[in-house]
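Down below is the structure, laid out as structure tokens.
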Amino acid sequence: MTRKQQRTVLIISALAFLGVAVGLILYALRDTIVFFYTPSEVVEKHIQPGTRLRLGGLVEKGSIIKGDGGVIHFAITDTDKVMKVTFKGVLPDLFREGQGVVAEGVLNPDGTFRADTVLAKHDENYMPREVADALKKKGYWQHADDGAQQKEMTQ
Amino acid sequence: MIVELGHFALVLAFAVAVYQTVVPLYGAMRGSSRLMNVAAPAAAVQFVLVMIAFAALTWAYLTSDFSVVNVWANSHTAKPLLYKITGVWSNHEGSMLLWVLILALFGMAIAIFSGNLPQSLKARVLGVQGSISVAFLLYITTVSNPFERIPPDRVPMQGRGINPLLQDPALAFHPPLLYAGYVGFSVAFSFALAALMEGKVDAAWARWVRPWTLAAWMFLTAGIALGSWWAYYELGWGGWWFWDPVENASLMPWLAGVALLHSAIVVEKRNALKIWTILLAIIAFSLSLIGTFLVRSGVLSSVHAFAVDPERGVFILMILLFFIGGSFLLYAARAGSLKTGGLFAPVSREGALVVNNLLMSAAAAAVFIGTLFPLVYEAVTGGGKITVGAPYFNFTFGILMIPLLVLIPVGPMLSWKRADLMVALKRLWVAAAVSVVVVPLIIVMAKGSILAALGIAIGIWIIAGSLEEMAQRIKLFRCPLGTSLRRLWNMPGQALGMTLAHAGMGFVMLGIVVSSTWKEEVITSLKPGEAVQIAGYEVKFLDERQDTGPDYVAEQAHFDVLENGRKIATLYSEKRTFVARRGMPTTEVGLLHFFSGDLYVAIGDQDNRGRVVRIYFHPFIWLMWLGGLLMFLGGFVSLMDRRFRVGVPKTARDRLAAQPAE
């Protein structure tokens with residue numbers, strides 16, 4: 001093979017490969033995207049039962065009911081609508097009332113939500129960005145940032 | 001006083017970095033030897049100054065000087081010494097300082113270890129290296145100052161303590177290793193840009209770049225392994241990899257680094273793939289920068305996110321755009337001027353390395369698209385929020401990795417330029433036989449799925465194939481054993497390193513497949529005296545008691561582990577509450593290591609019945625950690641190869657191999 005032929009073969013195979021890879025990626029993306037909604041959005045957008053989604057908001061005060069065998073019931077609120085959530089497992093260490101939370105799972109026909117993952121955080125000051133944005137949109141946002149405290153200290 | 005000294009040293013380091021960038025680069029352009037020669041001393045001075053700053057901050061931590069905001073916010077007098085030291089990089093400002101320290105260290109190392117580099121190349125490499133320092137020192141001194149003080153009349157008596165999750169031995173060394181990996185790719189980046197400026201890439205260039213890339217890759221491997229090990233036992237979720245943006249951020253440069261390591265071999269041995277290798281060097285460091293940005297800016301929602309500051313994210317984004325944009329512009333302008341080198345047939349060692357490169361970069365691209373897609377989607381739809389889940393990554397990454405893994409043992413068996421695939425496969429017949437036999441065994445004996453059996457077969461194929469290659473190299477069984485052992489002892493570090501790293505990949509594959517296929521999990525709540533059966537063991541909940549550590553109190557649950565009714569061990573699982581951060585309890589997983597796997601007990605809250613527990617059995621998960629260790633060792637052994645050392649004359653064979661074949 002001459003240099004030119006070799007380069008052509010190389011470029012064509014690389015392009016073909018790239019094409020396959022991109023096709024694969026798009027195909028995989030279509031099926032595995034999970035949307036993030038607040039309880040109000042689930043109602044507004046008429047999300048079908050059985051849809052997999054991420055539900056975000058605050059854990060409603062007084063809503064946590066502990067069941068048997070590691071099952072736990074709580075409610076997620078965006079201060080407008082409230083949605084009941086069932087979860088079986090060990091909750092993240094930072095899960096508590098009034099805190100921002102993101103739960104991933106499936107919508108039940110009765111309008112409740114069955115979570116299989118409740119997302120943890122590594123930092124008590126951290127608020128999941130989706131939850132922060134959603135709450136800002138609702139005009140309800142407590143700034144629990146330690147940067148603010150730091151500024152206080154230095155002023 | 002010491003703190004102010006540190007701050008001052010940092011500002012000086014910035015000035016020196018500017019000098020290190022401007023003077024040598026200008027000197028190289030003008031061909032002035034005097035100007036080029038300032039690069040090495042400047043790099044050394046810059047390192048010393050950053051070291052002083054880092055030492056000053058460490059001092060503030062050791063003496064619990066709470067008049068420094070950073071120390072107040074992240075330390076506590078009751079903390080054990082180790083965590084006072086690691087506290088320095090447990091927070092944003094300190095970890096960026098560590099980043100720059102490692103960057104300056106690499107800069108000084110280049111200055112020391114590349115005595116035989118052509119003068120202009122060395123000046124340009126150090127100049128580019130200096131420019132990266134300029135950007136990050138500017139960032140630290142302007143928006144991320146670790147030396148900020150609290151006015152004397154307001155100095156608090158006690159600090160707020162480190163984030164409890166970070167008070168852990170594995171995580172203490174995770175950031176330095178990871179950063180050594182990220183930052184290590186800056187050397188390859190600097191070499192790439194310098195080569196573009198020089199307009200020349202040759203075998204010697206590749207030989208200089210490879211050890212640096214290898215070192216960076218090795219550290220990154222260790223950093224990622226340590227990070228996932230930490231996630232495994234500290235978070236109590238029972239997993240070790242979640243395809244989370246922060247994890248992906250470290251995987252992408254790792255993949256690009258693997259590709260770069262392999263393509264640099266082709267440049268070194270065969271003088272081909274030069275333009276592509278330069279591009280990979282740029283991409284590897286760009287991905288490192290993107291990783292830093294993703295982790296530090298909080299633009300992506302991550303389970304591993306710590307408190308973040310979006311304004312700082314914008315600054316890092318500017319740095320990112322400058323370096324990535326700038327390097328690609330230079331690449332576009334100059335890549336054409338590089339001469340292309342040796343020819344090779346599709347089936348050849350070079351061909352195999354090209355396939356490695358294609359698959360590795362495609363995998364990096366798949367991870368990149370999946371990680372950043374939510375950002376693009378949000379921008380396009382005006383606020384629509386999505387996540388790309390693990391299925392996407394498992395699917396795309398898996399499909400790209402399988403052919404790559406299958407080809408691992410084949411590549412080293414192919415000869416350069418033109419090879420015979422059948423000959424190579426014949427040399428691998430033992431490995432092939434072993435892995436084919438395994439498939440029905442797994443399906444029948446262990447009741448594994450076909451997919452699991454194939455995965456295990458691939459893992460064994462890689463390990464056996466790597467060993468078979470080594471056995472042929474040392475002529476095992478074909479000459480007296482003593483001669484074989486001597487050949488093994490004299491084996492070049494690079495060859496032995498390759499065998500170790502490839503076999504390590506096989507072990508990782510085995511560990512992943514086996515532990516995920518036969519994993520057992522029980523979630524329930526237990527009263528004292530109740531027991532759970534898992535993987536042939538009985539885990540019995542005994543009682544709970546209070547436990548106190550140096551700076552925390554804990555609810556400790558005790559478990560007896562029984563096998564066939566006989567007690568074999570006691571397990572403790574804890575929920576710790578730290579005095580400094582009461583709002584943030586952490587879980588200490590109870591772990592019992594057997595040959596057959598890990599028994600893993602995490603406790604949750606109390607429910608109506610009793611204590612919520614989550615018990616796992618992860619079979620043979622140690623295979624995976626062993627694989628990570630082997631890869632790290634492989635990098636290390638390869639790095640020790642004397643052929644990498646400076647000043648060693650080339651052998652006749654090397655000279656022959658370095659000649660482009662026309």
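Letters A, B, ... go to the chains of the structure tokens in the order shown; residues in each chain start at 1; ligands are counted from 1 in the same order.
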Which residues are close to Leu320 (chain B), i.e. within 9 Å by only C-alpha atoms, leaving aside same-chain residues fewer than 4 positions away? Reply as a PyMOL selection string.
chain B and resi 286+289-290+293+315-316+324-325
Quick one: DSSP helix (DSSP H, G or I) residues in region 77-275 of chain B, as an mmCIF file with C-alpha atoms, in the first residue's frame?
```cif
data_model
loop_
_atom_site.group_PDB
_atom_site.id
_atom_site.type_symbol
_atom_site.label_atom_id
_atom_site.label_comp_id
_atom_site.auth_asym_id
_atom_site.auth_seq_id
_atom_site.Cartn_x
_atom_site.Cartn_y
_atom_site.Cartn_z
ATOM 1 C CA LEU B 81 -2.682 14.904 63.828
ATOM 2 C CA LEU B 82 -3.111 13.100 60.493
ATOM 3 C CA TYR B 83 -6.409 14.871 59.837
ATOM 4 C CA LYS B 84 -4.995 18.244 60.853
ATOM 5 C CA ILE B 85 -2.481 17.779 58.041
ATOM 6 C CA THR B 86 -4.933 16.377 55.498
ATOM 7 C CA GLY B 87 -7.334 19.149 56.523
ATOM 8 C CA VAL B 88 -5.111 21.424 54.452
ATOM 9 C CA TRP B 89 -6.453 19.926 51.217
ATOM 10 C CA HIS B 92 -11.484 24.162 48.126
ATOM 11 C CA GLU B 93 -8.768 26.781 48.767
ATOM 12 C CA GLY B 94 -6.293 24.352 50.245
ATOM 13 C CA SER B 95 -6.809 21.751 47.560
ATOM 14 C CA MET B 96 -6.191 24.326 44.832
ATOM 15 C CA LEU B 97 -2.962 25.220 46.618
ATOM 16 C CA LEU B 98 -2.031 21.530 46.581
ATOM 17 C CA TRP B 99 -2.840 21.491 42.844
ATOM 18 C CA VAL B 100 -0.390 24.318 42.202
ATOM 19 C CA LEU B 101 2.213 22.749 44.491
ATOM 20 C CA ILE B 102 2.158 19.534 42.485
ATOM 21 C CA LEU B 103 2.235 21.545 39.253
ATOM 22 C CA ALA B 104 5.326 23.414 40.445
ATOM 23 C CA LEU B 105 6.882 20.145 41.586
ATOM 24 C CA PHE B 106 6.456 18.646 38.124
ATOM 25 C CA GLY B 107 7.930 21.840 36.643
ATOM 26 C CA MET B 108 11.003 21.522 38.829
ATOM 27 C CA ALA B 109 11.270 17.805 38.065
ATOM 28 C CA ILE B 110 11.369 18.581 34.327
ATOM 29 C CA ALA B 111 14.096 21.146 34.996
ATOM 30 C CA ILE B 112 16.147 18.553 36.888
ATOM 31 C CA PHE B 113 15.586 15.396 34.856
ATOM 32 C CA GLN B 119 17.845 23.768 24.821
ATOM 33 C CA SER B 120 14.952 25.364 22.975
ATOM 34 C CA LEU B 121 12.593 22.442 23.610
ATOM 35 C CA LYS B 122 13.364 22.515 27.320
ATOM 36 C CA ALA B 123 12.843 26.280 27.480
ATOM 37 C CA ARG B 124 9.505 25.974 25.699
ATOM 38 C CA VAL B 125 8.297 23.066 27.820
ATOM 39 C CA LEU B 126 9.098 24.955 31.002
ATOM 40 C CA GLY B 127 7.606 28.128 29.566
ATOM 41 C CA VAL B 128 4.270 26.440 28.834
ATOM 42 C CA GLN B 129 4.404 24.747 32.229
ATOM 43 C CA GLY B 130 4.963 28.170 33.788
ATOM 44 C CA SER B 131 1.933 29.601 32.000
ATOM 45 C CA ILE B 132 -0.321 27.009 33.634
ATOM 46 C CA SER B 133 1.095 28.044 36.995
ATOM 47 C CA VAL B 134 0.401 31.695 36.153
ATOM 48 C CA ALA B 135 -3.276 30.962 35.567
ATOM 49 C CA PHE B 136 -3.811 28.928 38.707
ATOM 50 C CA LEU B 137 -1.710 31.176 40.960
ATOM 51 C CA LEU B 138 -3.726 34.122 39.694
ATOM 52 C CA TYR B 139 -6.882 32.202 40.544
ATOM 53 C CA ILE B 140 -5.682 31.386 44.060
ATOM 54 C CA THR B 141 -4.394 34.837 44.924
ATOM 55 C CA THR B 142 -7.480 36.641 43.610
ATOM 56 C CA VAL B 143 -10.594 34.576 44.310
ATOM 57 C CA PRO B 152 -8.255 39.820 65.799
ATOM 58 C CA ASP B 153 -11.281 40.858 67.904
ATOM 59 C CA ARG B 154 -13.464 38.180 66.341
ATOM 60 C CA PRO B 164 -16.541 14.032 58.705
ATOM 61 C CA LEU B 165 -16.652 11.955 55.533
ATOM 62 C CA LEU B 166 -13.149 13.116 54.764
ATOM 63 C CA PRO B 169 -7.164 7.350 55.872
ATOM 64 C CA ALA B 170 -8.019 6.449 52.258
ATOM 65 C CA LEU B 171 -9.447 9.855 51.515
ATOM 66 C CA ALA B 172 -6.496 11.547 53.151
ATOM 67 C CA PHE B 173 -4.287 10.418 50.270
ATOM 68 C CA HIS B 174 -6.903 10.296 47.519
ATOM 69 C CA PRO B 175 -6.683 13.991 46.541
ATOM 70 C CA PRO B 176 -2.859 14.202 46.374
ATOM 71 C CA LEU B 177 -2.698 11.075 44.193
ATOM 72 C CA LEU B 178 -5.544 12.195 41.959
ATOM 73 C CA TYR B 179 -4.025 15.655 41.553
ATOM 74 C CA ALA B 180 -0.614 14.151 40.828
ATOM 75 C CA GLY B 181 -2.377 12.327 37.998
ATOM 76 C CA TYR B 182 -4.334 15.317 36.679
ATOM 77 C CA VAL B 183 -1.405 17.669 36.950
ATOM 78 C CA GLY B 184 1.049 15.080 35.631
ATOM 79 C CA PHE B 185 -0.672 15.269 32.267
ATOM 80 C CA SER B 186 0.322 18.941 32.160
ATOM 81 C CA VAL B 187 3.865 17.748 31.365
ATOM 82 C CA ALA B 188 2.697 15.839 28.291
ATOM 83 C CA PHE B 189 0.635 18.908 27.381
ATOM 84 C CA SER B 190 3.638 21.219 27.714
ATOM 85 C CA PHE B 191 5.769 18.842 25.665
ATOM 86 C CA ALA B 192 3.072 18.724 22.995
ATOM 87 C CA LEU B 193 2.778 22.494 22.740
ATOM 88 C CA ALA B 194 6.556 22.888 22.779
ATOM 89 C CA ALA B 195 6.824 20.340 19.952
ATOM 90 C CA LEU B 196 4.215 22.260 17.954
ATOM 91 C CA MET B 197 6.189 25.468 18.442
ATOM 92 C CA GLU B 198 9.398 23.685 17.423
ATOM 93 C CA ALA B 203 11.348 9.234 18.585
ATOM 94 C CA ALA B 204 13.427 11.150 21.125
ATOM 95 C CA TRP B 205 10.471 13.414 21.901
ATOM 96 C CA ALA B 206 8.256 10.391 22.561
ATOM 97 C CA ARG B 207 10.931 8.893 24.772
ATOM 98 C CA TRP B 208 10.947 12.051 26.895
ATOM 99 C CA VAL B 209 7.187 12.330 27.101
ATOM 100 C CA ARG B 210 6.418 8.733 27.926
ATOM 101 C CA PRO B 211 7.849 8.486 31.468
ATOM 102 C CA TRP B 212 5.967 11.630 32.493
ATOM 103 C CA THR B 213 2.731 10.328 31.054
ATOM 104 C CA LEU B 214 3.357 6.993 32.712
ATOM 105 C CA ALA B 215 3.906 8.645 36.090
ATOM 106 C CA ALA B 216 0.746 10.712 35.730
ATOM 107 C CA TRP B 217 -1.288 7.693 34.646
ATOM 108 C CA MET B 218 0.062 5.652 37.557
ATOM 109 C CA PHE B 219 -0.917 8.267 40.112
ATOM 110 C CA LEU B 220 -4.322 8.707 38.503
ATOM 111 C CA THR B 221 -4.885 4.942 38.620
ATOM 112 C CA ALA B 222 -4.009 4.845 42.307
ATOM 113 C CA GLY B 223 -6.139 7.925 42.987
ATOM 114 C CA ILE B 224 -9.212 6.500 41.261
ATOM 115 C CA ALA B 225 -8.773 3.107 42.956
ATOM 116 C CA LEU B 226 -8.423 4.714 46.371
ATOM 117 C CA GLY B 227 -11.442 6.915 45.697
ATOM 118 C CA SER B 228 -13.689 4.032 44.772
ATOM 119 C CA TRP B 229 -12.411 1.959 47.663
ATOM 120 C CA TRP B 230 -13.356 4.853 49.939
ATOM 121 C CA ALA B 231 -16.816 5.120 48.373
ATOM 122 C CA TYR B 232 -17.163 1.367 48.887
ATOM 123 C CA TYR B 233 -16.536 1.255 52.610
ATOM 124 C CA GLU B 234 -17.225 4.784 53.819
ATOM 125 C CA PRO B 245 -20.049 13.268 37.135
ATOM 126 C CA VAL B 246 -17.287 13.620 39.702
ATOM 127 C CA GLU B 247 -16.176 10.038 39.146
ATOM 128 C CA ASN B 248 -16.414 10.407 35.372
ATOM 129 C CA ALA B 249 -14.275 13.516 35.638
ATOM 130 C CA SER B 250 -11.367 11.356 36.775
ATOM 131 C CA LEU B 251 -12.092 8.478 34.390
ATOM 132 C CA MET B 252 -11.944 10.623 31.231
ATOM 133 C CA PRO B 253 -8.324 11.768 31.627
ATOM 134 C CA TRP B 254 -7.443 8.203 32.644
ATOM 135 C CA LEU B 255 -8.826 6.829 29.379
ATOM 136 C CA ALA B 256 -7.109 9.532 27.345
ATOM 137 C CA GLY B 257 -3.923 8.814 29.298
ATOM 138 C CA VAL B 258 -4.052 5.120 28.419
ATOM 139 C CA ALA B 259 -4.495 6.036 24.762
ATOM 140 C CA LEU B 260 -1.592 8.491 24.977
ATOM 141 C CA LEU B 261 0.717 5.925 26.583
ATOM 142 C CA HIS B 262 0.053 3.505 23.772
ATOM 143 C CA SER B 263 0.270 5.954 20.894
ATOM 144 C CA ALA B 264 3.538 7.387 22.245
ATOM 145 C CA ILE B 265 5.017 3.891 21.855
ATOM 146 C CA VAL B 266 4.265 4.052 18.150
ATOM 147 C CA VAL B 267 5.951 7.451 17.897
ATOM 148 C CA GLU B 268 8.971 6.173 19.787
ATOM 149 C CA LYS B 269 9.428 2.883 17.982
ATOM 150 C CA ARG B 270 8.089 3.614 14.550
ATOM 151 C CA LYS B 274 2.827 11.840 15.606
ATOM 152 C CA ILE B 275 0.061 14.332 14.958
#
```
Can you write out as a Markdown table which residues of chain B fall within 7 Å of chain A, alongside each residue's closest atom pair and its distance in Å to one decimal, counting only C-alpha atoms and ordering rows by chain and ascending residue number?
```
| residue | atom | partner | partner_atom | distance |
| --- | --- | --- | --- | --- |
| B:Ile150 | CA | A:Thr154 | CA | 4.9 |
| B:Pro151 | CA | A:Thr154 | CA | 6.3 |
| B:Asn163 | CA | A:Asp123 | CA | 6.9 |
| B:Leu165 | CA | A:His122 | CA | 6.9 |
| B:Ser301 | CA | A:Arg129 | CA | 5.8 |
| B:Val303 | CA | A:Lys121 | CA | 5.5 |
| B:His304 | CA | A:His122 | CA | 5.8 |
| B:Ala305 | CA | A:His122 | CA | 6.2 |
| B:Phe306 | CA | A:Asp123 | CA | 5.3 |
| B:Ala307 | CA | A:Tyr126 | CA | 4.9 |
| B:Leu343 | CA | A:Arg3 | CA | 6.7 |
| B:Ala362 | CA | A:Ala21 | CA | 6.7 |
| B:Ala366 | CA | A:Ile25 | CA | 6.5 |
| B:Lys385 | CA | A:Phe36 | CA | 5.2 |
| B:Ile386 | CA | A:Phe35 | CA | 4.2 |
| B:Thr387 | CA | A:Val34 | CA | 5.1 |
| B:Val388 | CA | A:Ile33 | CA | 4.8 |
| B:Gly389 | CA | A:Thr32 | CA | 5.8 |
| B:Pro391 | CA | A:Thr32 | CA | 6.1 |
| B:Tyr392 | CA | A:Ala28 | CA | 5.4 |
| B:Phe395 | CA | A:Ala28 | CA | 6.9 |
| B:Thr396 | CA | A:Ile25 | CA | 6.2 |
| B:Ile523 | CA | A:Gly89 | CA | 6.0 |
| B:Thr524 | CA | A:Gly69 | CA | 4.2 |
| B:Ser525 | CA | A:Gly69 | CA | 4.5 |
| B:Gly583 | CA | A:Glu124 | CA | 6.9 |
| B:Met584 | CA | A:Leu94 | CA | 6.1 |
| B:Pro585 | CA | A:Asp93 | CA | 5.8 |
| B:Thr586 | CA | A:Asp93 | CA | 6.0 |
| B:Gly604 | CA | A:Val90 | CA | 5.2 |
| B:Asp607 | CA | A:Lys66 | CA | 5.2 |
| B:Asn608 | CA | A:Gly67 | CA | 5.9 |
| B:Arg609 | CA | A:Asp68 | CA | 6.0 |
| B:Val612 | CA | A:Gly70 | CA | 5.3 |
| B:Arg614 | CA | A:Val90 | CA | 6.6 |
```
Once you have the residues from the selection above, write them out as a tab-separated table (two decimals), in the first residue's frame, restricted to C-alpha atoms.
```
chain	number	residue	atom	x	y	z
B	150	ILE	CA	-10.45	36.92	60.63
B	151	PRO	CA	-10.05	40.30	62.43
B	163	ASN	CA	-16.18	17.33	56.80
B	165	LEU	CA	-16.65	11.95	55.53
B	301	SER	CA	-25.36	17.69	40.22
B	303	VAL	CA	-23.66	12.76	44.76
B	304	HIS	CA	-20.07	13.52	45.64
B	305	ALA	CA	-20.53	17.27	45.58
B	306	PHE	CA	-19.17	19.29	48.41
B	307	ALA	CA	-20.15	22.90	49.04
B	343	LEU	CA	4.04	2.98	7.08
B	362	ALA	CA	-14.35	6.60	21.79
B	366	ALA	CA	-18.94	8.37	25.34
B	385	LYS	CA	-33.30	19.02	33.87
B	386	ILE	CA	-32.26	15.48	33.15
B	387	THR	CA	-29.71	12.97	34.30
B	388	VAL	CA	-27.99	10.34	32.25
B	389	GLY	CA	-28.10	7.19	34.26
B	391	PRO	CA	-27.50	2.17	32.04
B	392	TYR	CA	-26.21	4.58	29.41
B	395	PHE	CA	-24.09	0.09	27.67
B	396	THR	CA	-21.83	2.40	25.67
B	523	ILE	CA	-32.15	-4.89	53.70
B	524	THR	CA	-34.22	-5.32	56.82
B	525	SER	CA	-34.56	-4.19	60.40
B	583	GLY	CA	-25.42	18.03	61.84
B	584	MET	CA	-23.59	15.46	59.82
B	585	PRO	CA	-23.47	11.88	61.05
B	586	THR	CA	-21.38	9.40	59.06
B	604	GLY	CA	-29.25	2.91	59.27
B	607	ASP	CA	-37.54	1.95	62.64
B	608	ASN	CA	-40.64	0.47	64.31
B	609	ARG	CA	-39.10	-2.95	64.67
B	612	VAL	CA	-32.29	-0.89	59.93
B	614	ARG	CA	-28.08	-3.29	55.00
```
Please provide the set of residues having any atom within 8 Å of Thr38 (chain A), restricted to only C-alpha atoms, with same-chain residues fewer than 4 positions apart removed, written as a VMD selection string.
chain A and resid 42 55 to 57 77 to 78 134
Give me, as a ChimeraX atom specification, all polymer residues having an atom no more than 6 Å from region 628-643 of chain B, counting only C-alpha atoms and skipping those fewer than 6 positions away in the same chain.
/B:218,493-494,497,500-501,504
Distance of CA of Ala56 (chain B) from CA of Val3 (chain B), expressed in Å to one decimal place:
5.5 Å
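Separating CA of Ser449 (chain B) from CA of Tyr600 (chain B) is a distance of 24.4 Å.
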Can you list, as a list in words, every residue of region 388-536 of chain B that DSSP puts in strand (DSSP E or B)?
Val388, Glu520, Glu521, Val522, Ile523, Thr524, Ser525, Leu526, Ala531, Val532, Gln533 and Ile534 of chain B
Output of the above residues as a JSON list (two decimals), in the first residue's frame, restricted to N, CA and C atoms:
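So result_29.json came out as:
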```
[["chain", "number", "residue", "atom", "x", "y", "z"],
["B", 388, "VAL", "N", -28.29, 11.51, 33.06],
["B", 388, "VAL", "CA", -27.99, 10.34, 32.25],
["B", 388, "VAL", "C", -27.55, 9.26, 33.23],
["B", 520, "GLU", "N", -24.90, -10.56, 46.92],
["B", 520, "GLU", "CA", -26.13, -10.79, 47.69],
["B", 520, "GLU", "C", -26.39, -9.58, 48.56],
["B", 521, "GLU", "N", -27.67, -9.27, 48.75],
["B", 521, "GLU", "CA", -28.01, -8.06, 49.48],
["B", 521, "GLU", "C", -29.25, -8.32, 50.33],
["B", 522, "VAL", "N", -29.22, -7.91, 51.57],
["B", 522, "VAL", "CA", -30.39, -8.00, 52.43],
["B", 522, "VAL", "C", -30.61, -6.65, 53.10],
["B", 523, "ILE", "N", -31.82, -6.10, 52.95],
["B", 523, "ILE", "CA", -32.15, -4.89, 53.70],
["B", 523, "ILE", "C", -33.31, -5.24, 54.61],
["B", 524, "THR", "N", -33.13, -5.01, 55.91],
["B", 524, "THR", "CA", -34.22, -5.32, 56.82],
["B", 524, "THR", "C", -33.97, -4.56, 58.13],
["B", 525, "SER", "N", -34.86, -4.74, 59.08],
["B", 525, "SER", "CA", -34.56, -4.19, 60.40],
["B", 525, "SER", "C", -34.51, -5.32, 61.41],
["B", 526, "LEU", "N", -33.60, -5.20, 62.36],
["B", 526, "LEU", "CA", -33.34, -6.29, 63.29],
["B", 526, "LEU", "C", -33.48, -5.81, 64.72],
["B", 531, "ALA", "N", -31.21, -12.67, 63.57],
["B", 531, "ALA", "CA", -30.11, -12.95, 62.66],
["B", 531, "ALA", "C", -30.59, -12.96, 61.21],
["B", 532, "VAL", "N", -29.65, -12.79, 60.30],
["B", 532, "VAL", "CA", -29.93, -12.79, 58.87],
["B", 532, "VAL", "C", -28.99, -13.79, 58.21],
["B", 533, "GLN", "N", -29.52, -14.54, 57.23],
["B", 533, "GLN", "CA", -28.68, -15.47, 56.48],
["B", 533, "GLN", "C", -28.21, -14.80, 55.21],
["B", 534, "ILE", "N", -26.92, -14.87, 54.95],
["B", 534, "ILE", "CA", -26.42, -14.34, 53.69],
["B", 534, "ILE", "C", -25.16, -15.10, 53.26]]
```
Tell me which of A:Ala103, A:Lys45, A:Ser40, A:Glu97 sits closest to Val82 (chain A), counting only C-alpha atoms.
A:Ser40
